[in-house]
Structures are given as structure tokens and as C-alpha cells.
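Asks: File start00.csv follows (CSV, C-alpha atoms and all ligand atoms):
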chain,number,residue,atom,x,y,z
A,1,MET,CA,-59.1,44.6,10.7
A,2,GLN,CA,-59.6,41.2,9.1
A,3,HIS,CA,-59.4,42.9,5.7
A,4,GLU,CA,-56.0,44.3,6.5
A,5,ALA,CA,-54.7,41.1,8.2
A,6,ILE,CA,-55.5,38.6,5.5
A,7,PRO,CA,-53.5,40.2,2.7
A,8,GLU,CA,-50.6,40.7,5.0
A,9,ILE,CA,-50.7,37.0,5.9
A,10,GLN,CA,-50.8,36.1,2.2
A,11,ALA,CA,-47.9,38.5,1.5
A,12,ALA,CA,-45.6,36.9,4.1
A,13,THR,CA,-43.0,34.8,2.1
A,14,THR,CA,-41.0,33.5,5.1
A,15,LEU,CA,-41.9,31.9,8.4
A,16,GLU,CA,-40.2,34.8,10.2
A,17,ALA,CA,-42.3,37.4,8.3
A,18,LEU,CA,-45.4,35.4,9.1
A,19,GLN,CA,-44.5,35.4,12.8
A,20,THR,CA,-44.3,39.2,12.7
A,21,VAL,CA,-47.8,39.4,11.3
A,22,LYS,CA,-49.0,36.9,13.9
A,23,THR,CA,-47.6,39.0,16.7
A,24,LYS,CA,-49.0,42.2,15.3
A,25,TYR,CA,-52.6,40.8,15.3
A,26,VAL,CA,-53.0,38.0,17.7
A,27,GLY,CA,-49.9,38.2,19.9
A,28,LYS,CA,-50.2,39.1,23.6
A,29,SER,CA,-50.4,42.8,22.8
A,30,GLY,CA,-51.6,42.4,19.3
A,31,LEU,CA,-54.4,44.5,17.7
A,32,VAL,CA,-57.1,41.8,18.1
A,33,THR,CA,-56.0,40.9,21.6
A,34,ARG,CA,-56.2,44.5,22.7
A,35,GLU,CA,-59.6,44.9,21.1
A,36,LEU,CA,-60.9,42.1,23.2
A,37,GLY,CA,-59.5,43.9,26.3
A,38,THR,CA,-61.7,46.9,25.5
A,39,LEU,CA,-64.9,44.8,25.9
A,40,GLY,CA,-65.1,45.5,29.7
A,41,LYS,CA,-65.7,49.2,29.0
A,42,LEU,CA,-68.7,48.5,26.9
A,43,PRO,CA,-72.3,48.5,28.3
A,44,PRO,CA,-73.2,44.9,29.2
A,45,GLU,CA,-75.9,44.7,26.4
A,46,GLU,CA,-73.3,45.4,23.7
A,47,ARG,CA,-70.6,43.2,25.1
A,48,LYS,CA,-72.0,39.9,23.9
A,49,THR,CA,-72.4,40.8,20.2
A,50,ARG,CA,-69.1,42.8,20.1
A,51,GLY,CA,-67.3,39.9,21.8
A,52,ALA,CA,-68.7,37.4,19.2
A,53,GLU,CA,-67.6,39.7,16.4
A,54,ILE,CA,-64.1,40.0,17.6
A,55,ASN,CA,-63.8,36.3,18.2
A,56,ALA,CA,-65.0,35.6,14.7
A,57,VAL,CA,-62.3,38.0,13.3
A,58,ARG,CA,-59.7,36.4,15.5
A,59,GLN,CA,-60.6,32.9,14.4
A,60,ALA,CA,-60.5,33.9,10.7
A,61,ILE,CA,-57.1,35.4,11.2
A,62,GLN,CA,-55.8,32.4,13.1
A,63,GLU,CA,-57.0,30.1,10.3
A,64,ALA,CA,-55.3,32.1,7.6
A,65,LEU,CA,-52.1,32.1,9.7
A,66,ASP,CA,-52.3,28.3,10.1
A,67,THR,CA,-52.9,27.7,6.4
A,68,ARG,CA,-50.1,30.1,5.4
A,69,GLU,CA,-47.7,28.4,7.8
A,70,THR,CA,-48.4,25.0,6.4
A,71,THR,CA,-47.8,26.3,2.9
A,72,LEU,CA,-44.5,28.1,3.8
A,73,LYS,CA,-43.2,25.0,5.6
A,74,ARG,CA,-43.9,22.8,2.7
A,75,GLU,CA,-42.3,25.3,0.3
A,76,ALA,CA,-39.2,25.4,2.5
A,77,LEU,CA,-39.0,21.6,2.6
A,78,ASP,CA,-39.5,21.4,-1.2
A,79,ALA,CA,-36.7,23.9,-1.7
A,80,GLN,CA,-34.4,22.0,0.6
A,81,LEU,CA,-35.1,18.7,-1.1
A,82,ALA,CA,-34.5,20.2,-4.5
A,83,SER,CA,-31.2,21.7,-3.4
A,84,GLU,CA,-30.0,18.5,-1.9
A,85,ALA,CA,-31.2,16.2,-4.6
A,86,ILE,CA,-28.6,13.9,-6.2
A,87,ASP,CA,-28.8,13.2,-9.9
A,88,VAL,CA,-27.8,9.6,-10.0
A,89,THR,CA,-27.8,9.6,-13.8
A,90,LEU,CA,-24.9,12.2,-13.9
A,91,PRO,CA,-21.6,10.6,-15.1
A,92,GLY,CA,-19.2,10.0,-12.1
A,93,LEU,CA,-16.0,12.0,-11.3
A,94,PRO,CA,-12.9,10.2,-12.5
A,95,LEU,CA,-11.2,8.3,-9.7
A,96,PRO,CA,-7.5,8.3,-10.0
A,97,ALA,CA,-6.5,4.6,-10.4
A,98,GLY,CA,-3.4,3.3,-8.8
A,99,GLY,CA,-1.1,0.7,-10.3
A,100,LEU,CA,1.6,-1.8,-9.4
A,101,HIS,CA,5.0,-0.3,-8.6
A,102,PRO,CA,7.6,-1.3,-11.3
A,103,ILE,CA,9.5,-3.3,-8.7
A,104,ASN,CA,6.4,-5.3,-7.9
A,105,ARG,CA,5.8,-5.9,-11.6
A,106,VAL,CA,9.2,-7.4,-11.9
A,107,TYR,CA,8.8,-9.4,-8.7
A,108,ASP,CA,5.6,-10.8,-10.1
A,109,ASP,CA,7.3,-11.8,-13.3
A,110,LEU,CA,10.1,-13.5,-11.4
A,111,THR,CA,8.0,-15.3,-8.8
A,112,GLY,CA,5.6,-16.4,-11.6
A,113,ILE,CA,8.5,-18.2,-13.3
A,114,TYR,CA,9.6,-19.9,-10.1
A,115,GLU,CA,6.1,-20.8,-9.0
A,116,ARG,CA,5.7,-22.7,-12.3
A,117,LEU,CA,8.9,-24.5,-11.4
A,118,GLY,CA,7.3,-25.6,-8.1
A,119,TYR,CA,9.0,-23.1,-5.8
A,120,THR,CA,7.3,-21.6,-2.6
A,121,VAL,CA,7.4,-17.8,-2.4
A,122,VAL,CA,8.3,-16.5,1.1
A,123,GLU,CA,9.1,-13.3,2.9
A,124,GLY,CA,11.0,-12.6,6.2
A,125,PRO,CA,11.9,-9.9,8.7
A,126,GLU,CA,13.9,-6.8,7.6
A,127,VAL,CA,15.2,-6.3,11.1
A,128,GLU,CA,17.7,-9.2,11.7
A,129,ASP,CA,20.2,-10.3,14.2
A,130,GLU,CA,23.9,-10.6,13.5
A,131,HIS,CA,23.7,-14.4,13.7
A,132,HIS,CA,21.2,-14.9,10.9
A,133,ASN,CA,22.6,-12.1,8.7
A,134,PHE,CA,26.3,-13.0,9.0
A,135,GLU,CA,27.4,-15.7,11.5
A,136,ALA,CA,25.2,-18.6,10.3
A,137,LEU,CA,26.0,-17.7,6.7
A,138,ASN,CA,29.7,-18.4,7.3
A,139,VAL,CA,30.7,-14.8,7.7
A,140,PRO,CA,32.5,-14.6,11.1
A,141,TRP,CA,32.9,-11.1,12.7
A,142,TYR,CA,36.6,-10.8,11.6
A,143,HIS,CA,35.8,-11.8,8.0
A,144,PRO,CA,36.6,-9.1,5.4
A,145,ALA,CA,33.2,-9.8,3.7
A,146,ARG,CA,31.6,-7.8,6.4
A,147,ASP,CA,33.2,-4.7,5.0
A,148,LEU,CA,31.7,-5.5,1.6
A,149,GLN,CA,28.2,-5.0,3.0
A,150,ASP,CA,28.1,-1.8,5.1
A,151,THR,CA,25.5,-2.3,7.7
A,152,PHE,CA,22.8,-0.1,9.3
A,153,TRP,CA,23.1,-1.1,13.0
A,154,LEU,CA,20.2,-0.6,15.4
A,155,GLU,CA,20.8,0.6,19.0
A,156,ASP,CA,19.8,-2.8,20.4
A,157,GLY,CA,22.6,-4.5,18.5
A,158,ARG,CA,20.3,-5.8,15.8
A,159,LEU,CA,20.6,-4.6,12.2
A,160,LEU,CA,18.7,-4.0,8.9
A,161,ARG,CA,19.4,-7.1,6.8
A,162,THR,CA,22.0,-6.4,4.2
A,163,HIS,CA,20.7,-9.3,2.0
A,164,THR,CA,17.8,-11.8,1.9
A,165,SER,CA,20.2,-14.7,2.6
A,166,PRO,CA,19.3,-14.8,6.3
A,167,MET,CA,16.0,-16.2,5.2
A,168,GLN,CA,17.9,-19.3,3.9
A,169,ILE,CA,18.7,-19.9,7.6
A,170,ARG,CA,15.3,-19.1,9.0
A,171,TYR,CA,13.5,-21.3,6.4
A,172,MET,CA,15.8,-24.3,6.9
A,173,VAL,CA,15.5,-24.1,10.7
A,174,ASP,CA,11.7,-24.3,10.3
A,175,HIS,CA,11.4,-26.8,7.4
A,176,GLU,CA,13.0,-30.1,6.6
A,177,PRO,CA,14.5,-30.9,3.1
A,178,ASP,CA,13.7,-31.2,0.2
A,179,LEU,CA,12.8,-27.6,-0.4
A,180,LYS,CA,12.6,-25.0,-3.1
A,181,ILE,CA,12.0,-21.4,-2.1
A,182,VAL,CA,12.3,-17.9,-3.4
A,183,VAL,CA,12.4,-15.0,-1.0
A,184,ARG,CA,11.3,-11.5,-1.9
A,185,GLY,CA,11.9,-8.4,0.2
A,186,LYS,CA,13.8,-5.2,1.0
A,187,VAL,CA,17.5,-5.0,2.0
A,188,TYR,CA,19.5,-2.1,3.3
A,189,ARG,CA,23.1,-1.0,2.9
A,190,TYR,CA,24.8,2.0,4.4
A,191,GLU,CA,26.4,3.5,1.4
A,192,ALA,CA,26.4,6.7,-0.7
A,193,THR,CA,23.6,6.8,-3.2
A,194,ASP,CA,24.0,7.5,-6.9
A,195,ALA,CA,22.2,6.5,-10.1
A,196,THR,CA,22.8,2.8,-9.5
A,197,HIS,CA,23.0,2.6,-5.7
A,198,GLU,CA,20.3,3.1,-3.1
A,199,SER,CA,20.5,2.5,0.6
A,200,MET,CA,17.3,0.5,0.4
A,201,PHE,CA,16.7,-1.9,-2.5
A,202,HIS,CA,15.2,-5.3,-3.2
A,203,GLN,CA,16.4,-8.9,-3.7
A,204,LEU,CA,15.1,-12.1,-4.9
A,205,GLU,CA,16.8,-15.0,-3.2
A,206,GLY,CA,16.5,-18.6,-4.3
A,207,LEU,CA,17.3,-21.7,-2.3
A,208,VAL,CA,17.1,-25.4,-3.3
A,209,VAL,CA,18.1,-28.2,-1.0
A,210,GLY,CA,17.9,-31.9,-1.5
A,211,ASP,CA,20.1,-34.9,-2.4
A,212,HIS,CA,22.6,-34.7,-5.2
A,213,ILE,CA,21.8,-31.2,-6.2
A,214,ASN,CA,24.7,-29.9,-8.3
A,215,MET,CA,26.0,-26.9,-10.2
A,216,ALA,CA,24.3,-28.0,-13.4
A,217,ASP,CA,20.9,-27.8,-11.6
A,218,LEU,CA,21.8,-24.2,-10.6
A,219,LYS,CA,22.9,-23.2,-14.1
A,220,GLY,CA,19.8,-24.8,-15.6
A,221,THR,CA,17.6,-22.9,-13.2
A,222,ILE,CA,19.2,-19.5,-13.9
A,223,ALA,CA,18.9,-20.2,-17.6
A,224,GLU,CA,15.2,-21.1,-17.2
A,225,MET,CA,14.7,-17.8,-15.4
A,226,ALA,CA,16.5,-15.9,-18.2
A,227,ARG,CA,14.3,-17.5,-20.8
A,228,GLY,CA,11.2,-16.7,-18.8
A,229,LEU,CA,12.2,-13.0,-18.6
A,230,TYR,CA,13.7,-12.5,-22.1
A,231,GLY,CA,12.4,-15.3,-24.3
A,232,PRO,CA,13.9,-18.5,-25.7
A,233,GLY,CA,16.9,-16.6,-27.1
A,234,ALA,CA,18.3,-15.5,-23.8
A,235,LYS,CA,21.7,-16.7,-22.8
A,236,VAL,CA,23.4,-16.9,-19.4
A,237,ARG,CA,27.0,-16.5,-18.3
A,238,PHE,CA,28.7,-17.5,-15.1
A,239,GLN,CA,31.9,-16.1,-13.7
A,240,PRO,CA,33.7,-17.4,-10.6
A,241,SER,CA,33.1,-15.1,-7.6
A,242,TYR,CA,33.2,-15.2,-3.9
A,243,TYR,CA,30.4,-15.3,-1.3
A,244,PRO,CA,31.2,-16.9,2.1
A,245,PHE,CA,28.0,-18.9,2.2
A,246,VAL,CA,28.5,-20.7,-1.1
A,247,GLU,CA,31.3,-22.9,-2.5
A,248,PRO,CA,31.9,-22.7,-5.4
A,249,GLY,CA,30.4,-19.2,-5.9
A,250,ALA,CA,29.7,-17.3,-9.1
A,251,ASP,CA,28.2,-14.2,-10.5
A,252,PHE,CA,25.7,-14.6,-13.4
A,253,ALA,CA,24.7,-12.3,-16.2
A,254,VAL,CA,21.9,-12.6,-18.8
A,255,TYR,CA,22.4,-11.8,-22.5
A,256,TRP,CA,19.1,-10.8,-24.1
A,257,ASP,CA,18.1,-9.7,-27.6
A,258,ASN,CA,15.2,-7.3,-27.7
A,259,PRO,CA,13.4,-5.8,-30.7
A,260,ARG,CA,14.9,-2.4,-30.0
A,261,GLY,CA,18.3,-3.8,-30.7
A,262,GLU,CA,19.6,-3.2,-27.1
A,263,SER,CA,21.2,-6.6,-26.7
A,264,LYS,CA,23.7,-6.7,-23.9
A,265,TRP,CA,25.0,-8.6,-20.9
A,266,LEU,CA,23.1,-7.7,-17.8
A,267,GLU,CA,24.9,-8.6,-14.5
A,268,LEU,CA,22.1,-9.9,-12.4
A,269,GLY,CA,23.4,-11.4,-9.2
A,270,GLY,CA,25.4,-14.0,-7.3
A,271,CYS,CA,24.9,-17.7,-6.8
A,272,GLY,CA,26.6,-20.9,-5.8
A,273,MET,CA,26.4,-24.3,-4.0
A,274,VAL,CA,25.4,-23.9,-0.3
A,275,HIS,CA,28.5,-24.1,1.9
A,276,PRO,CA,28.6,-27.0,4.3
A,277,ASN,CA,29.2,-24.6,7.2
A,278,VAL,CA,25.7,-23.1,6.5
A,279,PHE,CA,24.1,-26.5,6.8
A,280,LYS,CA,26.0,-27.0,10.0
A,281,ALA,CA,24.9,-23.7,11.4
A,282,VAL,CA,21.3,-24.5,10.5
A,283,ASP,CA,21.5,-27.9,12.3
A,284,ASP,CA,23.0,-26.2,15.4
A,285,LEU,CA,20.1,-23.8,15.5
A,286,ARG,CA,17.6,-26.7,15.0
A,287,GLU,CA,19.3,-28.7,17.8
A,288,ALA,CA,19.0,-25.7,20.1
A,289,GLN,CA,15.3,-25.7,19.4
A,290,GLY,CA,15.0,-29.5,20.1
A,291,LYS,CA,14.7,-30.3,16.4
A,292,GLU,CA,16.4,-33.1,14.5
A,293,ARG,CA,19.7,-32.3,12.6
A,294,VAL,CA,18.7,-33.0,9.1
A,295,TYR,CA,20.9,-30.8,6.9
A,296,GLU,CA,24.4,-32.1,7.2
A,297,GLY,CA,25.2,-34.2,4.2
A,298,LYS,CA,22.5,-32.5,2.0
A,299,THR,CA,23.4,-30.5,-1.1
A,300,GLY,CA,21.8,-27.3,-2.4
A,301,PHE,CA,22.3,-24.2,-4.4
A,302,ALA,CA,21.4,-20.5,-3.7
A,303,PHE,CA,21.2,-17.4,-5.7
A,304,GLY,CA,20.4,-13.7,-5.2
A,305,LEU,CA,19.5,-11.0,-7.6
A,306,GLY,CA,18.2,-7.4,-7.7
A,307,PRO,CA,14.9,-6.7,-9.4
A,308,GLU,CA,15.8,-3.0,-9.7
A,309,ARG,CA,18.4,-3.8,-12.4
A,310,ILE,CA,15.7,-5.7,-14.4
A,311,ALA,CA,13.1,-3.0,-13.9
A,312,MET,CA,15.5,-0.2,-14.9
A,313,LEU,CA,16.2,-1.9,-18.2
A,314,LYS,CA,12.7,-3.1,-18.9
A,315,TYR,CA,11.0,0.3,-18.2
A,316,LYS,CA,14.0,2.5,-19.2
A,317,ILE,CA,14.4,4.1,-15.8
A,318,PRO,CA,17.8,5.7,-15.8
A,319,ASP,CA,18.2,6.3,-12.1
A,320,ILE,CA,17.5,3.8,-9.3
A,321,ARG,CA,16.5,6.7,-6.9
A,322,TYR,CA,13.4,7.4,-9.1
A,323,PHE,CA,11.9,4.2,-7.7
A,324,TYR,CA,11.6,5.5,-4.2
A,325,ALA,CA,11.4,9.3,-4.5
A,326,ASN,CA,7.5,9.0,-4.8
A,327,ASP,CA,7.4,11.5,-7.6
A,328,PRO,CA,4.0,11.0,-9.2
A,329,ARG,CA,5.4,11.9,-12.6
A,330,VAL,CA,7.4,8.7,-12.5
A,331,ILE,CA,5.2,6.3,-10.6
A,332,GLY,CA,2.1,7.7,-12.4
A,333,GLN,CA,3.4,6.1,-15.6
A,334,PHE,CA,2.7,2.7,-14.0
A,335,ARG,CA,-1.0,3.0,-13.7
A,336,GLY,CA,-3.1,0.2,-15.0
A,337,GLU,CA,-1.6,-2.2,-17.6
A,338,LEU,CA,1.7,-1.3,-19.1
A,339,GLU,CA,3.4,-3.8,-21.3
B,401,LIG,N1,23.5,-12.4,-0.7
B,401,LIG,C1,24.3,-12.1,-1.8
B,401,LIG,C2,24.4,-10.6,-1.9
B,401,LIG,O1,23.6,-9.9,-1.3
B,401,LIG,C3,23.8,-12.7,-3.1
B,401,LIG,C4,23.9,-14.2,-3.1
B,401,LIG,C5,22.8,-14.9,-2.7
B,401,LIG,C6,25.1,-14.8,-3.5
B,401,LIG,C7,22.9,-16.3,-2.7
B,401,LIG,C8,25.1,-16.2,-3.6
B,401,LIG,C9,24.1,-17.0,-3.2
B,401,LIG,O2,25.2,-10.0,-2.6
As C-alpha cells, how would this structure be written, given the file I've shared?
Ligand code: PHE
Replies:
Amino acid sequence: MQHEAIPEIQAATTLEALQTVKTKYVGKSGLVTRELGTLGKLPPEERKTRGAEINAVRQAIQEALDTRETTLKREALDAQLASEAIDVTLPGLPLPAGGLHPINRVYDDLTGIYERLGYTVVEGPEVEDEHHNFEALNVPWYHPARDLQDTFWLEDGRLLRTHTSPMQIRYMVDHEPDLKIVVRGKVYRYEATDATHESMFHQLEGLVVGDHINMADLKGTIAEMARGLYGPGAKVRFQPSYYPFVEPGADFAVYWDNPRGESKWLELGGCGMVHPNVFKAVDDLREAQGKERVYEGKTGFAFGLGPERIAMLKYKIPDIRYFYANDPRVIGQFRGELE
């Protein structure tokens, strides 16, 4: 029996096959077990030798089973380790790298220029109240300028800010003069969209307040920004314009020469000298918070511009809606460095 069992054990290539052989020979009703059961029928003098013989066979089979089991288990483990092995020397899979959105690139250019001029860069809430967005900026409810900026109203009476100018108010309420800030952030207008209009876009707002700040300081600052953007040859142009929170007010444009010969006037934004009513509204808010009135009698200038216009020209993006459509074919072109 041993002669049959041993080759069968060797031939078992899986633990399940080995278990079958084990059951066949040494299981509860296996061949060897049954053979032991027949001992009782033998005459007593034969029992001892026969019993010893069968036990020897049983032991030999059991040893062979144990050895084979150890081998099979190791083989299974080796196979598993081999299949799960990681070759750390293989080259990695390429990870798609992100990049800065074109608007953020332009913002970084702009805030870099202003930081070098000593300005502080701040941000503020996109959900505003009527007072900060209009009232405190010298735009009373009956004022026609409210029609110029169609507003997204929230159900609770608040609104999505239509410009970054409310941050002029917030910053002055919290800080005393002198101050120089630029505000970056999103603004919202409820209007039809086309290639040059989006219902959400961005602004960069500037505010300088101190003593004896005048229109020449404002013009010099805008000119410095234009040179920072377009080089020493850039020129600026100011045209009278109207914004309730400045007096006088102006629109400004930048003329820039570039190597591709696309020189042109680029209408960039609005600006002006801070209206005395704005300083008064700030002092009223400060007073209500138990703070000192420190703005009346001060002078300052403010400006606001749209980075989208700069980005569209710089990166030759023909439609403002491309910026926010999240089409990877557009945004994917701004991976890594791009100058
Ligand atoms: N807030 C104005 C706008 O959104 C721009 C502006 C800012 C004009 C500051 C003058 C001074 O159109």
C-alpha cells in the first residue's frame, strides 16, 4: 500500500489534491485506517506484528504527506510573492501635471507689479450686502448707476458683488490710513453672455489713501502698471468717465507695442479720486463699530480693471467663455511654464 501511496503523494500538485490522497489513505475511512480495523479479527499471536507493520506504513505515509504539504505551501507562497512583486526600477507612469489658469497667471503678473510698489494684496467676500456694494459707494437705490450693473440677488436680500469696490469700504473700516491695497477676486453680473461678456469674471481693484494724494499719483501708478505689463514703451490714455464713488472719474487704456506688430489701445478699466461721500460712509460704519472717524479730509485714488481682457490678448484667447468652460483642450495648454 505504501508503494502506491508515496507516488500519489508526490504527484499531487495542489493542496486540494494532496488532501484527497490523505483522505484516501489515512482519513477516517481511509485504506490504512480500515486495515487497522481488521486487526481484531486476527488471531492474537498475529495481531502484534501485523499492527506494528500497519503502523509503520501509516507513519511513512503521514511523513510523506507532511513533507509534500510543506513543499506545496512554500511553492504557493513563492508564486504569490512573484506575482505580487513590484519592480521599483521600472520607469513610472506619467502623471498629468496641472498648471496655473491663465487668469491666475495674469493676476500674478499684476499683483507682482503692485507688491513691488509696496501694496498689500487682499481678497474679500463674493456674497455682499447692498450697503457695501452700492450705498456706501455713493450709489443710492434710486441712482441710475444701479441699472448699469445688473445684479444677481439672493433670496435673503444679499447679492453677488457686481464689482470688487465694496472691498474698499471693508478694508477702510478695518484699517486706518495711510494704505495701499489691491483686491483680487470674482465679480458677477446678470447679463447675456457673448465672446466678451461673462456673468462671472474677475477684477483687480486698487485703493490708495493718504494725505495729498492726487490725480498725478493715479496716472503715474497706472503708467507704472502698463510698463510692468508691456515694457518701457507702453503708453496710457485717460478719458473722462463716470463712477459714483470717484470724482473726477476716468477710463484708462494702455497702448502697447509687441513684436508681432499688434499695437493697439486696450481699454482696461476705470479709475478716479475717491469721492468724499465714500470716506464719509466709511467713517459712519467705523463710528457704528466704536472706532474713530479717521477718513474725512483724507485723499485717495481707486481703480478697477479686468484681467480677462489682458489674458485674452496675451494668450490669444478669442472668447471669454473659454476661460470657464473647463474644456481640457483650452485649459490643457496652460500646463507648466508658458511664456
Ligand atoms: N468698480 C468699477 C466697475 O466695476 C471700476 C472702478 C473701480 C472704477 C474703482 C473706478 C474706481 O466698473
Asks: Calculate how many Å separate atom CA of A:Lys186 from atom CA of A:Ala288, rounding to one decimal.
Replies: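 Those two atoms sit 28.5 Å apart.
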Asks: Please, which residues have at least one atom within 8 Å of an atom of ligand LIG 401 (chain B), using all atoms listed in the file, listed as a list in words?
Replies: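 Protein and nucleic-acid residues within 8 Å of ligand LIG 401 (chain B): Gln149, Thr162, His163, Thr164, Ser165, Gln203, Glu205, Gly206, Leu207, Tyr243, Phe245, Val246, Gly249, Ala250, Asp251, Gly269, Gly270, Cys271, Gly272, Met273, Val274, Phe301, Ala302, Phe303, Gly304 and Leu305 of chain A.
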Asks: Convert the current residue selection to file output with C-alpha atoms, as an mmCIF file, keeping the file's coordinate frame.
Replies:
data_model
loop_
_atom_site.group_PDB
_atom_site.id
_atom_site.type_symbol
_atom_site.label_atom_id
_atom_site.label_comp_id
_atom_site.auth_asym_id
_atom_site.auth_seq_id
_atom_site.Cartn_x
_atom_site.Cartn_y
_atom_site.Cartn_z
ATOM 1 C CA GLN A 149 28.200 -5.000 3.000
ATOM 2 C CA THR A 162 22.000 -6.400 4.200
ATOM 3 C CA HIS A 163 20.700 -9.300 2.000
ATOM 4 C CA THR A 164 17.800 -11.800 1.900
ATOM 5 C CA SER A 165 20.200 -14.700 2.600
ATOM 6 C CA GLN A 203 16.400 -8.900 -3.700
ATOM 7 C CA GLU A 205 16.800 -15.000 -3.200
ATOM 8 C CA GLY A 206 16.500 -18.600 -4.300
ATOM 9 C CA LEU A 207 17.300 -21.700 -2.300
ATOM 10 C CA TYR A 243 30.400 -15.300 -1.300
ATOM 11 C CA PHE A 245 28.000 -18.900 2.200
ATOM 12 C CA VAL A 246 28.500 -20.700 -1.100
ATOM 13 C CA GLY A 249 30.400 -19.200 -5.900
ATOM 14 C CA ALA A 250 29.700 -17.300 -9.100
ATOM 15 C CA ASP A 251 28.200 -14.200 -10.500
ATOM 16 C CA GLY A 269 23.400 -11.400 -9.200
ATOM 17 C CA GLY A 270 25.400 -14.000 -7.300
ATOM 18 C CA CYS A 271 24.900 -17.700 -6.800
ATOM 19 C CA GLY A 272 26.600 -20.900 -5.800
ATOM 20 C CA MET A 273 26.400 -24.300 -4.000
ATOM 21 C CA VAL A 274 25.400 -23.900 -0.300
ATOM 22 C CA PHE A 301 22.300 -24.200 -4.400
ATOM 23 C CA ALA A 302 21.400 -20.500 -3.700
ATOM 24 C CA PHE A 303 21.200 -17.400 -5.700
ATOM 25 C CA GLY A 304 20.400 -13.700 -5.200
ATOM 26 C CA LEU A 305 19.500 -11.000 -7.600
#
Asks: Smallest atom-to-atom distance to A:Ala192: which of A:Asp150, A:Ile331, A:Glu69, A:Ala85, using all atoms listed in the file?
Replies: A:Asp150
Asks: When you look at A:Arg184 with a cut-off of 12 Å (counting only C-alpha atoms), what residues show up, excluding the ones that are within fewer than 2 positions of it in the same chain? I need them as number ranges by chain.
Replies: A: 103-104, 106-108, 110-111, 114, 120-126, 163-168, 181-182, 186-187, 201-207, 304-307
Asks: Anything within 12 Å of (13.2, -12.5, -22.7): list those residues as a list in words, counting all atoms listed in the file and sticking to the file's coordinates.
Replies: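 The requested residues, written out, are Asp109, Leu110, Ile113, Ala223, Glu224, Met225, Ala226, Arg227, Gly228, Leu229, Tyr230, Gly231, Pro232, Gly233, Ala234, Lys235, Val236, Val254, Tyr255, Trp256, Asp257, Asn258, Pro259, Ser263, Ile310, Leu313 and Lys314 of chain A.
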Asks: How many Å separate atom CA of A:Tyr25 from atom CA of A:Lys73?
Replies: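 Separation of atom CA of A:Tyr25 and atom CA of A:Lys73: 20.8 Å.
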Asks: Please, what distance in Å, to one decimal, runs between atom CA of A:Asp319 and atom CA of A:Met200?
Replies: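 These two atoms are separated by 13.8 Å.
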Asks: From the set A:Asp327, A:Asp174, A:Asp87, A:Asp211, which residue has the shortest atom-to-atom contact distance to A:Lys291, counting only C-alpha atoms?
Replies: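 Under the stated criterion, the closest residue is A:Asp174.
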Asks: Choose the residue, out of A:Asp78, A:Glu247, A:Glu155, A:Glu4, that has the smallest atom-to-atom separation from A:Leu31; count only C-alpha atoms.
Replies: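 Of A:Asp78, A:Glu247, A:Glu155, A:Glu4, the one nearest A:Leu31, counting only C-alpha atoms, is A:Glu4.
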Asks: Within 9 Å of (20.5, -27.2, 6.1) (file coordinates; all atoms listed in the file), which protein or nucleic acid residues are there? I'd like them as a ChimeraX atom specification.
Replies: /A:168-169,172-173,176-177,209,274,276,278-283,293-300
Asks: Within 12 Å of A:Gly37, counting all atoms listed in the file, which residues show up once you throw out same-chain ones fewer than 2 positions away? Write them as a PyMOL selection string, please.
Replies: chain A and resi 28-35+39-42+47+50-51+54-55
Asks: Taking all atoms listed in the file into account, which of A:His197, A:Val127, A:Thr13, A:Leu179 comes nearest A:Tyr324?
Replies: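 For A:Tyr324, the nearest of the candidates is A:His197.
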Asks: Reconstruct stretch 325-329 of chain A at the level of all heavy atoms, and format the result as a compact mmCIF listing (two decimals), in the frame of the given file.
Replies:
# COMPACT_ATOMS: atom_id res chain seq x y z
N ALA A 325 11.51 7.82 -4.83
CA ALA A 325 11.40 9.30 -4.50
C ALA A 325 9.89 9.64 -4.46
O ALA A 325 9.56 10.76 -4.10
CB ALA A 325 12.08 10.07 -5.59
N ASN A 326 8.98 8.71 -4.80
CA ASN A 326 7.50 9.00 -4.80
C ASN A 326 7.15 10.18 -5.59
O ASN A 326 6.27 10.95 -5.21
CB ASN A 326 7.05 9.15 -3.33
CG ASN A 326 6.81 7.81 -2.68
OD1 ASN A 326 6.63 6.80 -3.37
ND2 ASN A 326 6.81 7.78 -1.37
N ASP A 327 7.80 10.38 -6.71
CA ASP A 327 7.40 11.50 -7.60
C ASP A 327 6.30 10.93 -8.51
O ASP A 327 6.50 9.98 -9.27
CB ASP A 327 8.63 11.86 -8.48
CG ASP A 327 8.33 13.04 -9.38
OD1 ASP A 327 7.14 13.24 -9.72
OD2 ASP A 327 9.26 13.78 -9.73
N PRO A 328 5.10 11.55 -8.40
CA PRO A 328 4.00 11.00 -9.20
C PRO A 328 4.20 11.02 -10.68
O PRO A 328 3.57 10.26 -11.40
CB PRO A 328 2.79 11.91 -8.77
CG PRO A 328 3.39 13.09 -8.11
CD PRO A 328 4.73 12.70 -7.59
N ARG A 329 5.12 11.88 -11.15
CA ARG A 329 5.40 11.90 -12.60
C ARG A 329 6.06 10.60 -13.04
O ARG A 329 5.92 10.17 -14.19
CB ARG A 329 6.26 13.09 -12.97
CG ARG A 329 5.55 14.43 -12.82
CD ARG A 329 6.53 15.56 -12.95
NE ARG A 329 7.60 15.46 -11.95
CZ ARG A 329 8.59 16.33 -11.84
NH1 ARG A 329 8.67 17.36 -12.67
NH2 ARG A 329 9.51 16.18 -10.92
